[in-house]
file target-v1.tsv (TSV, C-alpha atoms)
chain	number	residue	atom	x	y	z
A	551	MET	CA	15.48	49.98	18.55
A	552	ARG	CA	17.95	48.06	20.55
A	553	PHE	CA	19.67	49.08	23.72
A	554	ALA	CA	22.91	50.92	23.09
A	555	GLY	CA	25.00	48.75	25.34
A	556	PRO	CA	24.46	45.78	27.68
A	557	GLN	CA	20.76	45.41	28.24
A	558	PRO	CA	20.94	45.07	32.04
A	559	VAL	CA	22.89	48.32	32.30
A	560	VAL	CA	20.38	50.19	30.18
A	561	ALA	CA	17.46	48.72	32.08
A	562	VAL	CA	19.00	49.93	35.35
A	563	LEU	CA	19.54	53.40	33.89
A	564	LEU	CA	15.93	53.56	32.79
A	565	LEU	CA	14.80	52.55	36.24
A	566	LEU	CA	17.04	55.18	37.81
A	567	GLY	CA	15.61	57.73	35.41
A	568	ALA	CA	12.13	56.86	36.61
A	569	ALA	CA	12.99	58.31	40.00
A	570	THR	CA	13.47	61.72	38.40
A	571	THR	CA	10.48	61.56	36.07
A	572	GLN	CA	6.84	61.95	36.91
A	573	ALA	CA	5.20	59.17	38.90
A	574	PHE	CA	3.02	56.51	37.30
A	575	ALA	CA	-0.48	57.62	36.47
A	576	ALA	CA	-3.43	55.32	36.56
A	577	GLU	CA	-4.18	54.19	33.02
A	578	PRO	CA	-7.34	55.75	31.63
A	579	GLY	CA	-10.28	53.39	31.75
A	580	VAL	CA	-11.57	51.85	28.57
A	581	THR	CA	-13.39	54.62	26.77
A	582	ALA	CA	-17.12	54.04	26.45
A	583	VAL	CA	-17.97	52.46	23.14
A	584	PRO	CA	-19.50	55.12	20.85
A	585	PRO	CA	-22.96	54.64	19.34
A	586	GLN	CA	-21.33	53.58	16.10
A	587	SER	CA	-17.92	52.08	15.43
A	588	PRO	CA	-15.15	54.66	15.12
A	589	SER	CA	-14.08	55.70	11.66
A	590	TYR	CA	-10.43	55.29	12.71
A	591	ILE	CA	-8.66	54.04	15.82
A	592	LEU	CA	-5.44	55.90	16.66
A	593	VAL	CA	-3.48	54.43	19.57
A	594	GLY	CA	-0.21	55.88	20.85
A	595	PHE	CA	2.27	54.74	23.50
A	596	VAL	CA	4.61	56.91	25.55
A	597	GLY	CA	8.07	55.69	26.46
A	598	GLY	CA	9.83	54.94	29.73
A	599	PHE	CA	7.78	55.76	32.80
A	600	VAL	CA	6.07	58.77	31.26
A	601	ARG	CA	2.44	59.49	32.06
A	602	HIS	CA	-0.04	58.88	29.29
A	603	ASN	CA	-1.13	62.54	29.43
A	604	ASN	CA	2.24	64.30	29.73
A	605	PRO	CA	1.98	67.10	27.12
A	606	HIS	CA	5.75	67.42	26.68
A	607	HIS	CA	6.07	64.03	25.01
A	608	GLY	CA	5.59	63.41	21.30
A	609	PRO	CA	2.83	60.76	21.32
A	610	VAL	CA	0.68	62.90	23.64
A	611	PHE	CA	1.28	66.03	21.59
A	612	LEU	CA	0.41	64.21	18.37
A	613	ALA	CA	-2.74	62.71	19.87
A	614	GLU	CA	-3.94	66.16	20.94
A	615	ARG	CA	-3.45	67.49	17.43
A	616	MET	CA	-5.26	64.55	15.91
A	617	ARG	CA	-8.22	64.86	18.29
A	618	LYS	CA	-8.79	68.35	16.91
A	619	SER	CA	-8.66	67.41	13.25
A	620	ALA	CA	-9.21	63.67	12.78
A	621	PRO	CA	-12.33	62.50	10.93
A	622	LYS	CA	-15.60	62.50	12.81
A	623	ASN	CA	-16.01	59.69	15.31
A	624	ALA	CA	-12.30	58.79	15.32
A	625	TYR	CA	-10.96	57.28	18.54
A	626	VAL	CA	-7.63	58.73	19.69
A	627	GLN	CA	-5.96	57.52	22.90
A	628	VAL	CA	-2.46	57.37	24.38
A	629	PHE	CA	-1.43	54.59	26.76
A	630	GLU	CA	1.59	54.00	28.94
A	631	ASN	CA	3.73	51.32	27.34
A	632	ARG	CA	3.14	48.89	30.21
A	633	HIS	CA	-0.61	48.99	29.48
A	634	ARG	CA	-0.48	47.38	26.06
A	635	LYS	CA	-3.11	44.81	27.07
A	636	ALA	CA	-5.53	47.60	27.99
A	637	ALA	CA	-4.98	49.11	24.54
A	638	TYR	CA	-5.72	45.75	22.92
A	639	ARG	CA	-8.95	45.34	24.90
A	640	SER	CA	-10.02	48.87	23.93
A	641	ILE	CA	-9.47	48.15	20.25
A	642	VAL	CA	-11.40	44.89	20.38
A	643	ARG	CA	-14.35	46.60	22.09
A	644	LEU	CA	-14.31	49.44	19.59
A	645	ILE	CA	-14.45	47.23	16.50
A	646	ASP	CA	-17.13	44.95	17.98
A	647	LYS	CA	-19.96	46.71	16.14
A	648	ASP	CA	-22.79	44.56	17.49
A	649	HIS	CA	-21.27	44.45	21.00
A	650	ASN	CA	-21.78	40.71	21.28
A	651	GLY	CA	-18.28	40.01	22.58
A	652	ASN	CA	-17.20	38.15	19.43
A	653	LEU	CA	-15.50	39.67	16.41
A	654	SER	CA	-16.80	38.57	13.03
A	655	PRO	CA	-14.55	38.48	9.94
A	656	GLU	CA	-16.41	41.55	8.68
A	657	GLU	CA	-15.80	43.49	11.90
A	658	LYS	CA	-12.11	42.63	11.79
A	659	SER	CA	-11.62	43.52	8.15
A	660	SER	CA	-13.35	46.89	8.56
A	661	ALA	CA	-10.98	48.03	11.33
A	662	ARG	CA	-8.92	51.15	10.53
A	663	ILE	CA	-6.11	51.14	13.09
A	664	ILE	CA	-3.01	53.34	13.34
A	665	LEU	CA	-0.36	52.73	16.04
A	666	PHE	CA	2.50	55.05	17.04
A	667	GLY	CA	4.94	55.33	19.93
A	668	GLN	CA	8.35	56.40	21.18
A	669	SER	CA	11.11	54.44	22.99
A	670	TRP	CA	9.54	51.58	24.97
A	671	GLY	CA	6.27	52.85	23.52
A	672	ALA	CA	7.55	52.21	20.00
A	673	SER	CA	8.39	48.63	20.92
A	674	ALA	CA	4.89	48.32	22.41
A	675	VAL	CA	3.51	49.31	19.00
A	676	VAL	CA	5.10	46.27	17.37
A	677	LEU	CA	4.02	43.92	20.16
A	678	LEU	CA	0.44	45.19	19.95
A	679	ALA	CA	0.47	44.78	16.16
A	680	ARG	CA	1.52	41.14	16.65
A	681	GLU	CA	-1.28	40.56	19.14
A	682	LEU	CA	-3.75	42.02	16.65
A	683	ASP	CA	-2.24	39.80	13.96
A	684	ARG	CA	-2.93	36.70	16.06
A	685	SER	CA	-6.57	37.81	16.14
A	686	ASP	CA	-6.60	38.49	12.35
A	687	ILE	CA	-7.12	42.22	12.89
A	688	PRO	CA	-5.43	44.44	10.28
A	689	VAL	CA	-3.41	47.59	10.99
A	690	LEU	CA	-3.08	50.44	8.51
A	691	LEU	CA	0.13	51.95	9.84
A	692	THR	CA	2.73	51.55	12.60
A	693	VAL	CA	5.20	54.31	13.43
A	694	GLN	CA	8.19	53.76	15.73
A	695	VAL	CA	10.18	56.68	17.09
A	696	ASP	CA	13.58	55.88	18.64
A	697	SER	CA	12.31	52.41	19.42
A	698	VAL	CA	13.86	50.70	22.46
A	699	ALA	CA	12.96	47.09	23.20
A	700	LYS	CA	12.88	45.68	26.69
A	701	PRO	CA	15.15	42.62	27.09
A	702	TRP	CA	12.40	40.11	26.28
A	703	GLN	CA	10.93	42.05	23.37
A	704	HIS	CA	11.65	42.10	19.63
A	705	ASP	CA	10.73	45.29	17.81
A	706	GLY	CA	12.51	44.91	14.48
A	707	VAL	CA	10.14	42.73	12.45
A	708	ILE	CA	6.74	44.09	11.46
A	709	PRO	CA	3.97	41.47	11.27
A	710	ASP	CA	2.13	40.91	8.02
A	711	ASN	CA	-1.21	42.32	9.22
A	712	VAL	CA	0.39	45.80	8.99
A	713	LEU	CA	-0.07	47.55	5.64
A	714	GLU	CA	2.63	50.22	6.10
A	715	ALA	CA	5.33	50.89	8.69
A	716	ALA	CA	7.83	53.65	9.36
A	717	ASN	CA	10.80	53.93	11.68
A	718	PHE	CA	12.42	57.15	12.97
A	719	TYR	CA	15.66	56.95	14.94
A	720	GLN	CA	18.68	58.83	16.19
A	721	PRO	CA	22.07	57.07	16.52
A	722	HIS	CA	23.73	58.64	19.57
A	723	GLY	CA	23.92	58.04	23.29
A	724	ILE	CA	23.44	55.12	25.62
A	725	LEU	CA	19.83	54.96	24.48
A	726	HIS	CA	19.36	55.17	20.74
A	727	GLY	CA	16.80	53.94	18.30
A	728	ARG	CA	16.68	50.81	16.25
A	729	SER	CA	18.16	51.84	12.92
A	730	GLU	CA	16.18	49.49	10.73
A	731	ILE	CA	12.93	47.59	10.71
A	732	HIS	CA	11.93	44.79	8.33
A	733	ALA	CA	8.67	43.32	7.14
A	734	ALA	CA	7.85	39.73	8.03
A	735	ASP	CA	6.34	39.54	4.54
A	736	ASP	CA	7.38	42.15	1.97
A	737	SER	CA	4.36	41.34	-0.18
A	738	LYS	CA	1.98	42.40	2.60
A	739	THR	CA	3.82	45.20	4.44
A	740	GLN	CA	5.51	48.21	2.91
A	741	ILE	CA	8.34	49.70	4.96
A	742	LEU	CA	8.00	53.41	4.20
A	743	GLY	CA	11.45	54.19	5.48
A	744	ASN	CA	14.02	54.16	8.27
A	745	TYR	CA	14.51	57.87	8.87
A	746	ARG	CA	17.66	59.06	10.65
A	747	PHE	CA	17.77	62.22	12.78
A	748	ASP	CA	21.06	63.53	14.16
A	749	TYR	CA	20.79	65.82	17.18
A	750	HIS	CA	24.53	66.41	17.30
A	751	GLN	CA	24.17	68.22	13.99
A	752	ASN	CA	20.69	69.66	14.54
A	753	PRO	CA	19.88	69.89	18.25
A	754	VAL	CA	16.41	70.86	19.44
A	755	GLN	CA	15.26	72.49	22.67
A	756	CYS	CA	13.01	70.37	24.89
A	757	ASP	CA	10.86	71.79	27.67
A	758	GLY	CA	9.51	69.99	30.71
A	759	MET	CA	11.97	67.10	30.64
A	760	SER	CA	13.61	65.53	33.69
A	761	TRP	CA	17.21	65.99	34.85
A	762	PHE	CA	17.89	62.37	33.88
A	763	ASP	CA	16.64	62.91	30.35
A	764	ARG	CA	18.64	66.11	29.91
A	765	ARG	CA	21.90	64.80	31.37
A	766	ILE	CA	21.97	61.07	30.69
A	767	THR	CA	19.91	60.53	27.52
A	768	PRO	CA	19.76	63.93	25.79
A	769	ASP	CA	19.66	62.63	22.21
A	770	HIS	CA	16.96	60.10	22.97
A	771	MET	CA	15.05	62.85	24.77
A	772	GLN	CA	15.16	65.10	21.73
A	773	SER	CA	13.35	62.48	19.66
A	774	GLU	CA	10.45	63.05	22.08
A	775	CYS	CA	10.05	66.74	21.34
A	776	ASP	CA	11.55	67.36	17.89
A	777	PRO	CA	8.81	69.19	15.92
A	778	ARG	CA	10.39	68.24	12.59
A	779	LEU	CA	10.23	64.55	13.43
A	780	TRP	CA	6.70	64.62	14.84
A	781	ASN	CA	5.45	66.70	11.91
A	782	GLN	CA	6.65	63.89	9.65
A	783	VAL	CA	4.86	61.33	11.82
A	784	GLU	CA	1.71	63.43	11.64
A	785	ARG	CA	1.92	63.59	7.85
A	786	LEU	CA	2.14	59.80	7.65
A	787	VAL	CA	-0.88	59.46	9.91
A	788	ARG	CA	-2.88	61.99	7.90
A	789	GLN	CA	-2.08	60.15	4.68
A	790	GLN	CA	-3.91	57.16	6.14
A	791	LEU	CA	-6.84	59.32	7.20
A	792	GLU	CA	-7.00	60.79	3.71
A	793	PRO	CA	-6.04	57.79	1.54
A	794	GLN	CA	-4.29	58.42	-1.74
A	795	PRO	CA	-5.38	56.59	-4.93
A	796	ASP	CA	-2.54	54.06	-4.72
A	797	THR	CA	-3.48	53.20	-1.14
A	798	LEU	CA	-7.10	52.75	-2.14
A	799	ALA	CA	-5.97	50.42	-4.93
A	800	ARG	CA	-4.18	48.23	-2.39
A	801	ASN	CA	-7.22	48.26	-0.11
A	802	PRO	CA	-10.23	47.70	-2.38

call {"tool": "encode", "arguments": {"input": "target-v1.tsv", "output": "structure tokens"}}
result
Amino acid sequence: MRFAGPQPVVAVLLLLGAATTQAFAAEPGVTAVPPQSPSYILVGFVGGFVRHNNPHHGPVFLAERMRKSAPKNAYVQVFENRHRKAAYRSIVRLIDKDHNGNLSPEEKSSARIILFGQSWGASAVVLLARELDRSDIPVLLTVQVDSVAKPWQHDGVIPDNVLEAANFYQPHGILHGRSEIHAADDSKTQILGNYRFDYHQNPVQCDGMSWFDRRITPDHMQSECDPRLWNQVERLVRQQLEPQPDTLARNP
């Protein structure tokens, strides 16, 4: 998503909002590499200055649900959006099956990666996908929720290492989501949809949010906690964990 107004103004508002949100948390260390490579790697990013373990925010809530029901040996982790590099290093370590520090073509091609995030975290999803693309590492699915790009970022074009991508957004307020994403190569990436949610018509109640979120960016905030929206995100993720015949055909 793009900023809804001059970027410097929005950046200042986000920084002011940080004063009313929870303080930064230390990013979790790189999880120990399991005895065998994970069946799937699910990486989420929270938005703004939210802690990676704040249970009131959509990516954290979704990750907790997936930890309980994802296939055996799946890796599920949420990062703060400013720790995208740590997420990349974790992924590389996890798909390095022989732990020799170098990824073979076979190790790369066997990766099963799903990325999701909200706000700045959604923009981080696209940036991480591009970094993986530069390393020839494929991504099954990216999901952006009310995606907001920092001034130097571009979150609207999905790189061609991504098989499928989806975008959820709401159109109101000083912070609102990017309304449309595009594939860098339509023959390699399927855009599943740009899904619009309107919280003026269908408001939702959010618990545990800051004064800034509730007063200054209420519509953007509701994209964090809307159960309808995050249930749709979860369905998309589960479709990748339980591939349908047409998906299998595209991934022989």

call {"tool": "closest_residue", "arguments": {"input": "target-v1.tsv", "among": "A:Val642, A:Leu612, A:Ala637, A:Leu665", "to": "A:Pro777", "atoms": "all atoms listed in the file"}}
result
A:Leu612

call {"tool": "atom_distance", "arguments": {"input": "target-v1.tsv", "atom1": "atom CA of A:Gln720", "atom2": "atom CA of A:Thr692"}}
result
17.9 Å

call {"tool": "closest_residue", "arguments": {"input": "target-v1.tsv", "among": "A:Gln782, A:Asn652, A:Ser773, A:Asn711", "to": "A:Ser737", "atoms": "all atoms listed in the file"}}
result
A:Asn711

call {"tool": "closest_residue", "arguments": {"input": "target-v1.tsv", "among": "A:Ile731, A:Ala613, A:Leu742, A:Ile591", "to": "A:Pro688", "atoms": "only C-alpha atoms"}}
result
A:Ile591

call {"tool": "atom_distance", "arguments": {"input": "target-v1.tsv", "atom1": "atom CA of A:Gly727", "atom2": "atom CA of A:Val693"}}
result
12.6 Å

call {"tool": "atom_distance", "arguments": {"input": "target-v1.tsv", "atom1": "atom CA of A:Lys635", "atom2": "atom CA of A:Val675"}}
result
11.4 Å

call {"tool": "residues_around", "arguments": {"input": "target-v1.tsv", "residues": "A:His602", "least_positions_apart": "4", "cutoff": "7 Å", "atoms": "only C-alpha atoms", "output": "PDB file with C-alpha atoms, in the frame of the given file"}}
result
ATOM      1  CA  VAL A 596       4.610  56.910  25.550  1.00  0.00           C
ATOM      2  CA  VAL A 610       0.680  62.900  23.640  1.00  0.00           C
ATOM      3  CA  VAL A 628      -2.460  57.370  24.380  1.00  0.00           C
ATOM      4  CA  PHE A 629      -1.430  54.590  26.760  1.00  0.00           C
ATOM      5  CA  GLU A 630       1.590  54.000  28.940  1.00  0.00           C
TER       6      GLU A 630
END

call {"tool": "closest_residue", "arguments": {"input": "target-v1.tsv", "among": "A:Ser697, A:Ser587, A:Gln772, A:Gln627", "to": "A:Gly608", "atoms": "only C-alpha atoms"}}
result
A:Gln772

call {"tool": "closest_residue", "arguments": {"input": "target-v1.tsv", "among": "A:Lys700, A:Val593, A:His722, A:Met616", "to": "A:Arg785", "atoms": "only C-alpha atoms"}}
result
A:Met616

call {"tool": "closest_residue", "arguments": {"input": "target-v1.tsv", "among": "A:Asp776, A:Glu730, A:Gln740, A:Gly723", "to": "A:Asp710", "atoms": "only C-alpha atoms"}}
result
A:Gln740
